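Peer 1: coords.txt (compact mmCIF, C-alpha atoms) pasted underneath:
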```txt
# COMPACT_ATOMS: atom_id res chain seq x y z
CA GLY A 442 -62.88 -15.41 -21.94
CA PRO A 443 -64.73 -12.46 -23.49
CA ASN A 444 -62.19 -9.97 -22.12
CA TRP A 445 -59.30 -11.70 -23.85
CA ALA A 446 -57.79 -8.51 -25.29
CA SER A 447 -57.05 -7.03 -21.87
CA SER A 448 -55.16 -10.14 -20.73
CA GLY A 449 -52.57 -10.00 -23.52
CA PRO A 450 -49.88 -8.07 -21.62
CA LEU A 451 -50.15 -10.40 -18.61
CA ASP A 452 -49.99 -13.41 -20.92
CA GLN A 453 -46.76 -12.09 -22.39
CA GLN A 454 -45.29 -11.71 -18.90
CA LYS A 455 -46.29 -15.27 -18.03
CA ILE A 456 -44.71 -16.62 -21.20
CA ALA A 457 -41.45 -14.80 -20.50
CA ALA A 458 -41.43 -15.95 -16.87
CA THR A 459 -42.09 -19.55 -17.87
CA ALA A 460 -38.89 -19.57 -19.90
CA ALA A 461 -36.70 -17.31 -17.76
CA TYR A 462 -37.54 -18.36 -14.20
CA TRP A 463 -39.21 -21.75 -14.35
CA CYS A 464 -36.84 -23.48 -16.78
CA ALA A 465 -39.85 -24.89 -18.61
CA ASN A 466 -39.73 -25.95 -22.25
CA THR A 467 -43.45 -25.83 -23.02
CA VAL A 468 -46.28 -23.33 -22.65
CA ARG A 469 -49.94 -24.22 -23.17
CA LEU A 470 -52.42 -21.65 -24.43
CA GLN A 471 -56.10 -22.35 -23.84
CA LEU A 472 -58.01 -20.72 -26.69
CA ASN A 473 -61.72 -19.91 -26.77
CA GLN A 474 -63.35 -21.38 -29.85
CA ASP A 475 -66.13 -18.76 -29.66
CA ASN A 476 -63.66 -15.87 -29.61
CA LEU A 477 -62.30 -16.97 -32.96
CA LEU A 478 -65.49 -18.10 -34.69
CA GLY A 479 -68.36 -16.45 -32.81
CA PRO A 480 -71.12 -18.22 -30.85
CA ASP A 481 -72.61 -19.78 -33.99
CA GLY A 482 -69.26 -20.91 -35.36
CA THR A 483 -69.65 -19.07 -38.66
CA SER A 484 -67.83 -15.75 -38.18
CA PHE A 485 -64.11 -15.03 -37.93
CA ASN A 486 -62.25 -12.70 -35.58
CA GLN A 487 -58.95 -11.64 -37.13
CA ALA A 488 -57.98 -9.66 -34.02
CA TYR A 489 -58.19 -12.79 -31.89
CA LEU A 490 -56.08 -14.74 -34.36
CA THR A 491 -53.51 -11.95 -34.33
CA ALA A 492 -53.37 -12.16 -30.55
CA ILE A 493 -52.76 -15.89 -30.78
CA GLU A 494 -49.96 -15.30 -33.27
CA SER A 495 -48.36 -12.78 -30.95
CA GLU A 496 -48.27 -15.19 -28.02
CA VAL A 497 -47.06 -18.13 -30.10
CA SER A 498 -44.31 -15.96 -31.52
CA ALA A 499 -43.21 -14.86 -28.04
CA ALA A 500 -43.03 -18.43 -26.76
CA GLU A 501 -41.19 -19.72 -29.81
CA HIS A 502 -38.75 -16.82 -29.54
CA ASP A 503 -37.98 -18.10 -26.04
CA HIS A 504 -37.30 -21.55 -27.56
CA MET A 505 -40.40 -23.16 -26.09
CA VAL A 506 -42.86 -25.56 -27.63
CA VAL A 507 -46.39 -24.12 -27.75
CA VAL A 508 -49.48 -26.21 -27.08
CA LEU A 509 -52.65 -24.75 -28.62
CA ASN A 510 -55.82 -26.00 -26.94
CA ASP A 511 -59.40 -25.67 -28.18
CA ASN A 512 -61.56 -24.78 -25.20
CA THR A 513 -65.35 -24.37 -25.06
CA GLU A 514 -65.63 -23.77 -21.31
CA PHE A 515 -65.21 -19.99 -21.60
CA ALA A 516 -68.47 -19.61 -23.52
CA SER A 517 -71.79 -18.47 -22.02
CA LEU A 518 -73.63 -20.88 -19.71
CA ALA A 519 -76.13 -21.71 -22.46
CA ALA A 520 -73.35 -22.33 -24.98
CA ARG A 521 -71.32 -24.48 -22.58
CA ALA A 522 -74.34 -26.73 -22.10
CA VAL A 523 -74.31 -27.72 -25.77
CA ARG A 524 -70.53 -27.79 -26.34
CA LYS A 525 -69.37 -30.51 -24.03
CA GLY A 526 -67.88 -32.39 -26.96
CA PRO A 527 -66.40 -31.42 -30.32
CA THR A 528 -68.76 -29.86 -32.88
CA PRO A 529 -68.42 -28.84 -36.54
CA ALA A 530 -67.15 -25.46 -35.27
CA THR A 531 -64.29 -27.33 -33.58
CA GLU A 532 -63.22 -28.66 -36.96
CA THR A 533 -63.39 -25.15 -38.41
CA PHE A 534 -61.28 -23.89 -35.51
CA TRP A 535 -58.53 -26.39 -36.31
CA LYS A 536 -58.75 -25.77 -40.03
CA ASP A 537 -57.98 -22.09 -39.35
CA LEU A 538 -55.18 -22.84 -36.87
CA ALA A 539 -53.64 -25.49 -39.10
CA ALA A 540 -53.43 -22.97 -41.93
CA LEU A 541 -50.91 -21.11 -39.76
CA TYR A 542 -49.26 -23.81 -37.69
CA GLY A 543 -50.02 -27.14 -39.32
CA HIS A 544 -46.39 -27.58 -40.37
CA ASP A 545 -44.71 -25.95 -37.35
CA PRO A 546 -42.78 -28.57 -35.35
CA GLN A 547 -42.73 -26.21 -32.34
CA VAL A 548 -46.54 -26.27 -32.05
CA ILE A 549 -48.64 -29.07 -30.56
CA PHE A 550 -52.40 -29.29 -31.16
CA ASP A 551 -54.38 -30.15 -28.00
CA LEU A 552 -57.60 -30.92 -29.84
CA PHE A 553 -60.35 -30.48 -27.24
CA ASN A 554 -60.23 -29.49 -23.60
CA GLU A 555 -61.70 -32.10 -21.25
CA PRO A 556 -64.48 -33.71 -23.35
CA ARG A 557 -67.42 -33.52 -20.96
CA THR A 558 -69.98 -35.91 -22.45
CA TYR A 559 -69.81 -37.83 -19.20
CA SER A 560 -71.80 -38.09 -15.98
CA ASP A 561 -71.27 -39.94 -12.71
CA GLY A 562 -72.55 -43.49 -12.80
CA MET A 563 -72.20 -43.82 -16.55
CA SER A 564 -71.01 -47.24 -17.71
CA LEU A 565 -67.45 -47.61 -18.94
CA ALA A 566 -68.70 -48.61 -22.39
CA ARG A 567 -70.99 -45.58 -22.66
CA ARG A 568 -68.29 -43.19 -21.48
CA TRP A 569 -65.78 -44.29 -24.08
CA GLN A 570 -68.35 -44.57 -26.87
CA LEU A 571 -69.41 -40.93 -26.38
CA TRP A 572 -65.79 -39.85 -26.17
CA LEU A 573 -64.75 -41.77 -29.28
CA ASN A 574 -67.70 -41.37 -31.62
CA GLY A 575 -70.11 -38.85 -30.11
CA GLY A 576 -73.82 -39.43 -29.59
CA THR A 577 -76.67 -37.91 -27.62
CA PHE A 578 -75.78 -36.60 -24.17
CA GLN A 579 -78.13 -34.62 -21.91
CA GLY A 580 -80.46 -34.06 -24.83
CA VAL A 581 -77.72 -32.70 -27.14
CA ALA A 582 -76.63 -34.62 -30.23
CA TYR A 583 -72.88 -34.60 -30.78
CA PRO A 584 -72.29 -35.64 -34.41
CA PHE A 585 -68.82 -37.04 -33.78
CA GLY A 586 -66.23 -37.60 -31.10
CA MET A 587 -62.49 -37.51 -30.70
CA ALA A 588 -61.86 -40.14 -33.40
CA GLN A 589 -63.39 -38.09 -36.21
CA LEU A 590 -61.92 -34.84 -34.88
CA ALA A 591 -58.39 -36.27 -34.81
CA GLY A 592 -58.87 -37.88 -38.22
CA TYR A 593 -60.13 -34.64 -39.71
CA VAL A 594 -57.21 -32.56 -38.45
CA ARG A 595 -54.65 -35.18 -39.48
CA SER A 596 -56.06 -36.40 -42.80
CA THR A 597 -58.35 -33.70 -44.17
CA VAL A 598 -56.54 -30.60 -42.92
CA ARG A 599 -53.22 -32.50 -43.13
CA ALA A 600 -51.71 -31.01 -39.99
CA GLN A 601 -48.36 -32.61 -39.22
CA ASN A 602 -48.26 -31.50 -35.58
CA LEU A 603 -48.07 -33.75 -32.57
CA PHE A 604 -51.55 -34.17 -31.03
CA TRP A 605 -52.40 -34.12 -27.35
CA ILE A 606 -55.64 -36.03 -26.76
CA GLU A 607 -57.41 -35.64 -23.42
CA GLY A 608 -59.57 -38.21 -21.69
CA PRO A 609 -63.23 -37.86 -20.68
CA ASP A 610 -64.55 -35.35 -18.16
CA ASN A 611 -61.60 -33.72 -16.34
CA ALA A 612 -59.14 -35.95 -18.21
CA ALA A 613 -58.67 -37.73 -14.90
CA SER A 614 -58.18 -41.25 -16.25
CA PHE A 615 -57.68 -43.37 -19.34
CA ALA A 616 -58.75 -46.55 -17.55
CA GLY A 617 -60.87 -48.64 -19.91
CA MET A 618 -59.85 -46.90 -23.13
CA VAL A 619 -57.98 -49.91 -24.47
CA SER A 620 -60.44 -52.55 -23.26
CA GLN A 621 -63.33 -50.61 -24.82
CA GLY A 622 -61.55 -50.33 -28.17
CA ALA A 623 -61.36 -46.53 -27.93
CA ARG A 624 -57.69 -46.04 -28.74
CA LEU A 625 -57.34 -43.56 -31.62
CA LYS A 626 -55.93 -44.82 -34.91
CA VAL A 627 -54.33 -41.60 -36.17
CA SER A 628 -50.58 -41.08 -35.94
CA GLY A 629 -48.67 -38.75 -33.66
CA VAL A 630 -50.91 -39.00 -30.56
CA VAL A 631 -49.88 -38.34 -26.97
CA TYR A 632 -52.62 -39.01 -24.42
CA ALA A 633 -52.93 -36.14 -21.96
CA VAL A 634 -54.12 -36.74 -18.43
CA HIS A 635 -54.92 -33.65 -16.34
CA HIS A 636 -55.90 -34.24 -12.74
CA PRO A 637 -55.64 -37.94 -11.82
CA GLY A 638 -58.91 -39.04 -10.30
CA GLY A 639 -57.94 -41.96 -8.09
CA LEU A 640 -55.95 -42.28 -4.90
CA HIS A 641 -52.58 -40.55 -4.98
CA ASP A 642 -50.38 -43.62 -5.18
CA THR A 643 -48.42 -45.59 -7.74
CA PHE A 644 -51.13 -48.23 -8.18
CA SER A 645 -53.76 -45.63 -9.09
CA TRP A 646 -51.46 -43.64 -11.37
CA ASN A 647 -50.55 -46.82 -13.22
CA ALA A 648 -54.23 -47.67 -13.62
CA ASP A 649 -55.24 -44.17 -14.73
CA PHE A 650 -52.53 -43.48 -17.29
CA GLY A 651 -49.14 -45.03 -16.59
CA HIS A 652 -50.16 -48.37 -18.08
CA LEU A 653 -50.39 -46.78 -21.53
CA LEU A 654 -46.67 -46.06 -21.35
CA THR A 655 -45.39 -49.11 -19.50
CA ASN A 656 -47.37 -51.48 -21.75
CA GLY A 657 -46.07 -49.81 -24.89
CA ILE A 658 -49.52 -48.61 -25.97
CA ALA A 659 -48.87 -44.86 -26.32
CA PRO A 660 -46.90 -41.94 -24.88
CA VAL A 661 -48.43 -39.91 -22.05
CA VAL A 662 -48.16 -36.37 -20.71
CA ASP A 663 -49.78 -34.60 -17.79
CA GLY A 664 -51.03 -31.64 -19.78
CA GLU A 665 -52.68 -29.64 -16.98
CA TRP A 666 -52.06 -30.24 -13.30
CA THR A 667 -52.40 -28.45 -10.01
CA ASN A 668 -52.61 -29.63 -6.42
CA TYR A 669 -54.70 -26.65 -5.39
CA GLU A 670 -58.01 -25.05 -6.28
CA PRO A 671 -58.67 -21.81 -4.40
CA ALA A 672 -61.92 -21.59 -2.46
CA PRO A 673 -64.74 -21.87 -3.24
CA THR A 674 -64.94 -25.22 -4.99
CA VAL A 675 -67.74 -26.72 -2.92
CA GLY A 676 -70.92 -26.99 -4.93
CA ILE A 677 -69.16 -27.29 -8.27
CA ARG A 678 -68.33 -30.93 -7.97
CA ALA A 679 -66.56 -31.82 -4.78
CA PRO A 680 -64.09 -33.21 -4.24
CA ARG A 681 -62.40 -31.95 -7.39
CA THR A 682 -59.56 -34.08 -8.66
CA SER A 683 -57.52 -30.89 -9.02
CA CYS A 684 -57.60 -30.44 -5.25
CA TRP A 685 -55.16 -32.71 -3.42
CA PRO A 686 -55.99 -32.79 0.29
CA ASP A 687 -52.89 -34.94 0.95
CA ALA A 688 -50.60 -32.66 -1.10
CA PRO A 689 -47.68 -32.33 1.36
CA VAL A 690 -47.08 -36.08 1.13
CA SER A 691 -48.47 -36.99 -2.31
CA VAL A 692 -47.11 -34.21 -4.53
CA PRO A 693 -43.42 -35.12 -4.08
CA LYS A 694 -44.31 -38.75 -4.79
CA TYR A 695 -46.24 -37.77 -7.90
CA LEU A 696 -43.37 -35.73 -9.31
CA GLN A 697 -41.01 -38.63 -8.62
CA TYR A 698 -43.42 -40.96 -10.44
CA LEU A 699 -43.53 -38.70 -13.51
CA ALA A 700 -39.75 -38.37 -13.58
CA ALA A 701 -39.22 -42.11 -13.22
CA HIS A 702 -41.48 -42.80 -16.20
CA GLY A 703 -40.31 -39.92 -18.38
CA ILE A 704 -43.75 -38.28 -18.34
CA GLY A 705 -43.86 -34.56 -18.99
CA LEU A 706 -45.76 -32.08 -16.84
CA ASN A 707 -47.59 -28.87 -17.71
CA VAL A 708 -48.88 -27.00 -14.67
CA TYR A 709 -51.95 -24.88 -14.11
CA GLN A 710 -50.90 -22.09 -13.77
CA LEU A 711 -48.79 -18.96 -13.12
CA GLN A 712 -51.52 -17.34 -11.05
CA PRO A 713 -51.41 -16.33 -7.38
CA GLY A 714 -52.33 -19.23 -5.15
CA TYR A 715 -51.61 -21.87 -7.73
CA MET A 716 -47.91 -21.79 -8.65
CA ILE A 717 -46.85 -18.22 -7.74
CA LYS A 718 -47.42 -16.11 -4.65
CA SER A 719 -48.25 -12.91 -6.52
CA TYR A 720 -48.02 -11.27 -9.91
CA SER A 721 -45.41 -8.88 -8.53
CA SER A 722 -42.80 -11.61 -8.94
CA MET A 723 -43.53 -14.60 -11.15
CA SER A 724 -40.24 -16.12 -10.08
CA ASP A 725 -41.48 -16.48 -6.48
CA PRO A 726 -43.23 -19.88 -6.28
CA THR A 727 -45.78 -20.99 -3.75
CA THR A 728 -44.74 -23.54 -1.15
CA ILE A 729 -46.94 -26.06 0.60
CA ASN A 730 -47.23 -25.17 4.27
CA TRP A 731 -47.44 -28.45 6.15
CA THR A 732 -49.12 -26.95 9.21
CA THR A 733 -51.88 -24.95 7.52
CA TRP A 734 -52.37 -26.90 4.29
CA SER A 735 -55.89 -27.04 2.88
CA CYS A 736 -56.77 -27.03 -0.79
CA LEU A 737 -59.87 -24.98 0.01
CA SER A 738 -58.02 -22.25 1.90
CA ASN A 739 -57.87 -18.63 0.83
CA TYR A 740 -54.46 -17.99 -0.73
CA GLU A 741 -54.60 -14.30 0.21
CA THR A 742 -54.52 -15.16 3.91
CA GLN A 743 -52.55 -18.41 3.59
CA PRO A 744 -50.27 -17.96 0.57
CA GLY A 745 -48.34 -21.21 0.97
CA MET A 746 -50.81 -23.44 -0.85
CA GLY A 747 -49.59 -24.44 -4.30
CA ALA A 748 -46.75 -26.78 -5.17
CA GLY A 749 -44.89 -24.08 -7.09
CA ALA A 750 -41.51 -24.55 -5.41
CA LEU A 751 -41.60 -28.30 -5.96
CA VAL A 752 -42.59 -27.87 -9.59
CA MET A 753 -39.88 -25.28 -10.21
CA ALA A 754 -37.28 -27.68 -8.81
CA PHE A 755 -38.74 -30.47 -10.98
CA PHE A 756 -38.39 -28.38 -14.15
CA LYS A 757 -34.88 -27.24 -13.30
CA GLN A 758 -33.74 -30.78 -12.62
CA ARG A 759 -35.33 -32.10 -15.83
CA ASN A 760 -34.56 -29.21 -18.17
CA GLY A 761 -31.67 -27.33 -16.62
```
Show me, as structure tokens, the structure contained in the file I just sent.
Peer 2:
Amino acid sequence: GPNWASSGPLDQQKIAATAAYWCANTVRLQLNQDNLLGPDGTSFNQAYLTAIESEVSAAEHDHMVVVLNDNTEFASLAARAVRKGPTPATETFWKDLAALYGHDPQVIFDLFNEPRTYSDGMSLARRWQLWLNGGTFQGVAYPFGMAQLAGYVRSTVRAQNLFWIEGPDNAASFAGMVSQGARLKVSGVVYAVHHPGGLHDTFSWNADFGHLLTNGIAPVVDGEWTNYEPAPTVGIRAPRTSCWPDAPVSVPKYLQYLAAHGIGLNVYQLQPGYMIKSYSSMSDPTTINWTTWSCLSNYETQPGMGAGALVMAFFKQRNG
């Protein structure tokens, strides 16, 4: 957000803890497009780029892959309303980042965080058309979608990095992408689901994203996942797919599903209540308390909410 400079030291601690305690091999940095280019997309903030370089360097020094994500959700309310899909400033953002990291095999480009040109009740065809090619949404004209953005970064900027490509809205599902002809044609694409939107069972996970892998269509990663959203979430858009009311039963099954299919996991995030109990020890994971579990509980009074301990065991088993 706008106070990015003050969060640098904590970011560095999180990066170090990710490698040292969690046995993870990847760290994902969500970057604010406006911080780099300004609200109008025409300026350039060298200090912000230097901060990015510092965090990438720290993660690579710890032998981790770094995922750089363009995010427009940290902007002002007015700006967020007109940046729900990629814009020309998004292309400029990646042109600048590719100049530094476009040939770095330890860096992945996550091109746009949760493309939000979507509303409940929208037809499948409309959803994927807006996602793929852009169009007018809520009175805002988006000149292009994920197809042009990916093509620009790959062909015009000539970035050689692996791409993570997220699905519409909260990246909850890729159902319908293939049938609607929305599969991207650029090379080096991994489709990134975040918070699966259906029931928490094998059938739904296959329908949302697993089918891309099992049918040989494309590789898949869960690029941002949590079972817990601290209160309050009511009024935002309930129930959120990042809040798993059946977590004690469903989370172990989900991790087993990912492992069985060779699907990677990137969790959100090393913050109290999500994956750690407190900042005093980032090696102390949360644990789901079966008797008091509620994804809308206050972690300060009920600290055993997130699936941190299960995730830590998952990483150690996979990467140890």
Peer 1: Dump as an mmCIF file with C-alpha atoms, in the frame of the given file all residues having an atom at most 10 Å from (-66.7, -24.3, -23.1), computed in the file's coordinates with all atoms listed in the file.
Peer 2:
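Contents of the output file result.cif:
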```cif
data_model
loop_
_atom_site.group_PDB
_atom_site.id
_atom_site.type_symbol
_atom_site.label_atom_id
_atom_site.label_comp_id
_atom_site.auth_asym_id
_atom_site.auth_seq_id
_atom_site.Cartn_x
_atom_site.Cartn_y
_atom_site.Cartn_z
ATOM 1 C CA GLY A 442 -62.880 -15.410 -21.940
ATOM 2 C CA ASN A 473 -61.720 -19.910 -26.770
ATOM 3 C CA GLN A 474 -63.350 -21.380 -29.850
ATOM 4 C CA ASP A 475 -66.130 -18.760 -29.660
ATOM 5 C CA ASP A 511 -59.400 -25.670 -28.180
ATOM 6 C CA ASN A 512 -61.560 -24.780 -25.200
ATOM 7 C CA THR A 513 -65.350 -24.370 -25.060
ATOM 8 C CA GLU A 514 -65.630 -23.770 -21.310
ATOM 9 C CA PHE A 515 -65.210 -19.990 -21.600
ATOM 10 C CA ALA A 516 -68.470 -19.610 -23.520
ATOM 11 C CA SER A 517 -71.790 -18.470 -22.020
ATOM 12 C CA LEU A 518 -73.630 -20.880 -19.710
ATOM 13 C CA ALA A 519 -76.130 -21.710 -22.460
ATOM 14 C CA ALA A 520 -73.350 -22.330 -24.980
ATOM 15 C CA ARG A 521 -71.320 -24.480 -22.580
ATOM 16 C CA ALA A 522 -74.340 -26.730 -22.100
ATOM 17 C CA VAL A 523 -74.310 -27.720 -25.770
ATOM 18 C CA ARG A 524 -70.530 -27.790 -26.340
ATOM 19 C CA LYS A 525 -69.370 -30.510 -24.030
ATOM 20 C CA GLY A 526 -67.880 -32.390 -26.960
ATOM 21 C CA PHE A 553 -60.350 -30.480 -27.240
ATOM 22 C CA ASN A 554 -60.230 -29.490 -23.600
ATOM 23 C CA GLU A 555 -61.700 -32.100 -21.250
ATOM 24 C CA PRO A 556 -64.480 -33.710 -23.350
ATOM 25 C CA ARG A 557 -67.420 -33.520 -20.960
#
```
Peer 1: Please report the interatomic distance between atom CA of A:Tyr632 and atom CA of A:Thr667 in Å with one decimal.
Peer 2: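 The value is 17.9 Å.
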Peer 1: With distances taken over all atoms listed in the file, which residue among A:Ala648, A:Val634, A:Ala748, A:Leu538 lies nearest A:Asn602?
Peer 2: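 That would be A:Leu538, the residue with the smallest distance to A:Asn602.
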Peer 1: Would you pick out the contacts of stretch 482-497 of chain A at 10 Å or less, using all atoms listed in the file, so that residues sharing its chain but fewer than 5 positions from it are not included, and give the list as a tab-separated table (two decimals) with C-alpha atoms, in the frame of the given file?
Peer 2:
```
chain	number	residue	atom	x	y	z
A	445	TRP	CA	-59.30	-11.70	-23.85
A	446	ALA	CA	-57.79	-8.51	-25.29
A	449	GLY	CA	-52.57	-10.00	-23.52
A	450	PRO	CA	-49.88	-8.07	-21.62
A	452	ASP	CA	-49.99	-13.41	-20.92
A	453	GLN	CA	-46.76	-12.09	-22.39
A	456	ILE	CA	-44.71	-16.62	-21.20
A	468	VAL	CA	-46.28	-23.33	-22.65
A	469	ARG	CA	-49.94	-24.22	-23.17
A	470	LEU	CA	-52.42	-21.65	-24.43
A	472	LEU	CA	-58.01	-20.72	-26.69
A	473	ASN	CA	-61.72	-19.91	-26.77
A	474	GLN	CA	-63.35	-21.38	-29.85
A	475	ASP	CA	-66.13	-18.76	-29.66
A	476	ASN	CA	-63.66	-15.87	-29.61
A	477	LEU	CA	-62.30	-16.97	-32.96
A	502	HIS	CA	-38.75	-16.82	-29.54
A	503	ASP	CA	-37.98	-18.10	-26.04
A	505	MET	CA	-40.40	-23.16	-26.09
A	506	VAL	CA	-42.86	-25.56	-27.63
A	507	VAL	CA	-46.39	-24.12	-27.75
A	508	VAL	CA	-49.48	-26.21	-27.08
A	509	LEU	CA	-52.65	-24.75	-28.62
A	528	THR	CA	-68.76	-29.86	-32.88
A	529	PRO	CA	-68.42	-28.84	-36.54
A	530	ALA	CA	-67.15	-25.46	-35.27
A	531	THR	CA	-64.29	-27.33	-33.58
A	532	GLU	CA	-63.22	-28.66	-36.96
A	533	THR	CA	-63.39	-25.15	-38.41
A	534	PHE	CA	-61.28	-23.89	-35.51
A	537	ASP	CA	-57.98	-22.09	-39.35
A	538	LEU	CA	-55.18	-22.84	-36.87
A	541	LEU	CA	-50.91	-21.11	-39.76
A	542	TYR	CA	-49.26	-23.81	-37.69
A	547	GLN	CA	-42.73	-26.21	-32.34
A	548	VAL	CA	-46.54	-26.27	-32.05
```
Peer 1: Near A:Ile717, within 10 Å and counting only C-alpha atoms, which residues show up once chain neighbours fewer than 6 positions away are dropped, as a PDB file with C-alpha atoms, in the coordinates of the input?
Peer 2:
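Saved as out01.pdb:
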```
ATOM      1  CA  GLN A 710     -50.900 -22.090 -13.770  1.00  0.00           C
ATOM      2  CA  LEU A 711     -48.790 -18.960 -13.120  1.00  0.00           C
ATOM      3  CA  MET A 723     -43.530 -14.600 -11.150  1.00  0.00           C
ATOM      4  CA  SER A 724     -40.240 -16.120 -10.080  1.00  0.00           C
ATOM      5  CA  ASP A 725     -41.480 -16.480  -6.480  1.00  0.00           C
ATOM      6  CA  PRO A 726     -43.230 -19.880  -6.280  1.00  0.00           C
ATOM      7  CA  THR A 727     -45.780 -20.990  -3.750  1.00  0.00           C
ATOM      8  CA  THR A 728     -44.740 -23.540  -1.150  1.00  0.00           C
ATOM      9  CA  PRO A 744     -50.270 -17.960   0.570  1.00  0.00           C
ATOM     10  CA  GLY A 745     -48.340 -21.210   0.970  1.00  0.00           C
ATOM     11  CA  MET A 746     -50.810 -23.440  -0.850  1.00  0.00           C
ATOM     12  CA  GLY A 747     -49.590 -24.440  -4.300  1.00  0.00           C
ATOM     13  CA  ALA A 748     -46.750 -26.780  -5.170  1.00  0.00           C
ATOM     14  CA  GLY A 749     -44.890 -24.080  -7.090  1.00  0.00           C
ATOM     15  CA  ALA A 750     -41.510 -24.550  -5.410  1.00  0.00           C
TER      16      ALA A 750
END
```
Peer 1: Under the rule of at most 12 Å, produce a per-residue listing of stretch 563-612 of chain A near stretch 682-696 of chain A: chain, number, name, the closest pair of atoms, and the distance in Å, as CSV, using all atoms listed in the file.
Peer 2:
```
residue,atom,partner,partner_atom,distance
A:Asp610,CA,A:Thr682,CA,10.8
A:Asn611,CA,A:Thr682,CA,8.0
A:Ala612,CA,A:Thr682,CA,9.7
```
Peer 1: Taking 5 positions as the minimum chain separation for residues in the same chain, which residues sit within 10 Å of A:Gly629 when counting all atoms listed in the file? Answer as a list in words.
Peer 2: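 That gives Arg595, Gln601, Asn602, Leu603, Phe604, Trp605, Ala659 and Pro660 of chain A.
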Peer 1: What does the file look like for those residues with C-alpha atoms, as a short mmCIF file (atom, residue, chain, number, x, y, z; two decimals), keeping the file's coordinate frame?
Peer 2:
```
data_model
loop_
_atom_site.label_atom_id
_atom_site.label_comp_id
_atom_site.auth_asym_id
_atom_site.auth_seq_id
_atom_site.Cartn_x
_atom_site.Cartn_y
_atom_site.Cartn_z
CA ARG A 595 -54.65 -35.18 -39.48
CA GLN A 601 -48.36 -32.61 -39.22
CA ASN A 602 -48.26 -31.50 -35.58
CA LEU A 603 -48.07 -33.75 -32.57
CA PHE A 604 -51.55 -34.17 -31.03
CA TRP A 605 -52.40 -34.12 -27.35
CA ALA A 659 -48.87 -44.86 -26.32
CA PRO A 660 -46.90 -41.94 -24.88
#
```
Peer 1: Residues near A:Thr577, anyone? I mean within 12 Å using all atoms listed in the file, not counting same-chain ones fewer than 5 positions away, as an mmCIF file with C-alpha atoms, in the frame of the given file.
Peer 2:
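The resulting out26.cif:
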```
data_model
loop_
_atom_site.group_PDB
_atom_site.id
_atom_site.type_symbol
_atom_site.label_atom_id
_atom_site.label_comp_id
_atom_site.auth_asym_id
_atom_site.auth_seq_id
_atom_site.Cartn_x
_atom_site.Cartn_y
_atom_site.Cartn_z
ATOM 1 C CA VAL A 523 -74.310 -27.720 -25.770
ATOM 2 C CA ARG A 524 -70.530 -27.790 -26.340
ATOM 3 C CA LYS A 525 -69.370 -30.510 -24.030
ATOM 4 C CA GLY A 526 -67.880 -32.390 -26.960
ATOM 5 C CA THR A 558 -69.980 -35.910 -22.450
ATOM 6 C CA TYR A 559 -69.810 -37.830 -19.200
ATOM 7 C CA ARG A 567 -70.990 -45.580 -22.660
ATOM 8 C CA ARG A 568 -68.290 -43.190 -21.480
ATOM 9 C CA GLN A 570 -68.350 -44.570 -26.870
ATOM 10 C CA LEU A 571 -69.410 -40.930 -26.380
ATOM 11 C CA TRP A 572 -65.790 -39.850 -26.170
ATOM 12 C CA ALA A 582 -76.630 -34.620 -30.230
ATOM 13 C CA TYR A 583 -72.880 -34.600 -30.780
ATOM 14 C CA PRO A 584 -72.290 -35.640 -34.410
ATOM 15 C CA PHE A 585 -68.820 -37.040 -33.780
ATOM 16 C CA GLY A 586 -66.230 -37.600 -31.100
#
```
Peer 1: Which residue, A:Gln621, A:Asn444, A:Asn707, A:Ser628, has the smallest gap to A:Ala600 when you use all atoms listed in the file?
Peer 2: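 Smallest separation from A:Ala600 among the options: A:Ser628.
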Peer 1: Compare A:Tyr698, A:Phe756, A:Trp569, A:Trp535 by their minimum atom-to-atom distance to A:Leu590, counting only C-alpha atoms, and give me the closest one.
Peer 2: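 Of the candidates, the smallest distance to A:Leu590 is held by A:Trp535.
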Peer 1: Can you work out the spacing between atom CA of A:Lys455 and atom CA of A:Thr467 in Å, to one decimal?
Peer 2: 12.0 Å
Peer 1: Rounded to one decimal, what separation in Å do you get between atom CA of A:Ala700 and atom CA of A:Phe755?
Peer 2: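 Going from atom CA of A:Ala700 over to atom CA of A:Phe755 covers 8.4 Å.
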Peer 1: Between A:Glu501, A:Cys464, A:Ser735, A:Asp642, which is the closest to A:Asp545 once you count all atoms listed in the file?
Peer 2: A:Glu501
Peer 1: Would you fill the gaps in stretch 626-630 of chain A so it has N, CA, C and O atoms, then print it as an mmCIF file, in the coordinates of the input?
Peer 2:
```cif
data_model
loop_
_atom_site.group_PDB
_atom_site.id
_atom_site.type_symbol
_atom_site.label_atom_id
_atom_site.label_comp_id
_atom_site.auth_asym_id
_atom_site.auth_seq_id
_atom_site.Cartn_x
_atom_site.Cartn_y
_atom_site.Cartn_z
ATOM 1 N N LYS A 626 -56.733 -44.162 -33.885
ATOM 2 C CA LYS A 626 -55.930 -44.820 -34.910
ATOM 3 C C LYS A 626 -55.074 -43.850 -35.717
ATOM 4 O O LYS A 626 -54.344 -44.282 -36.612
ATOM 5 N N VAL A 627 -55.162 -42.560 -35.443
ATOM 6 C CA VAL A 627 -54.330 -41.600 -36.170
ATOM 7 C C VAL A 627 -52.913 -41.631 -35.605
ATOM 8 O O VAL A 627 -52.676 -42.102 -34.492
ATOM 9 N N SER A 628 -51.981 -41.099 -36.364
ATOM 10 C CA SER A 628 -50.580 -41.080 -35.940
ATOM 11 C C SER A 628 -50.305 -39.865 -35.067
ATOM 12 O O SER A 628 -51.076 -38.912 -35.023
ATOM 13 N N GLY A 629 -49.170 -39.919 -34.385
ATOM 14 C CA GLY A 629 -48.670 -38.750 -33.660
ATOM 15 C C GLY A 629 -49.522 -38.337 -32.481
ATOM 16 O O GLY A 629 -49.710 -37.139 -32.238
ATOM 17 N N VAL A 630 -50.030 -39.297 -31.694
ATOM 18 C CA VAL A 630 -50.910 -39.000 -30.560
ATOM 19 C C VAL A 630 -50.187 -39.214 -29.246
ATOM 20 O O VAL A 630 -49.564 -40.256 -29.019
#
```
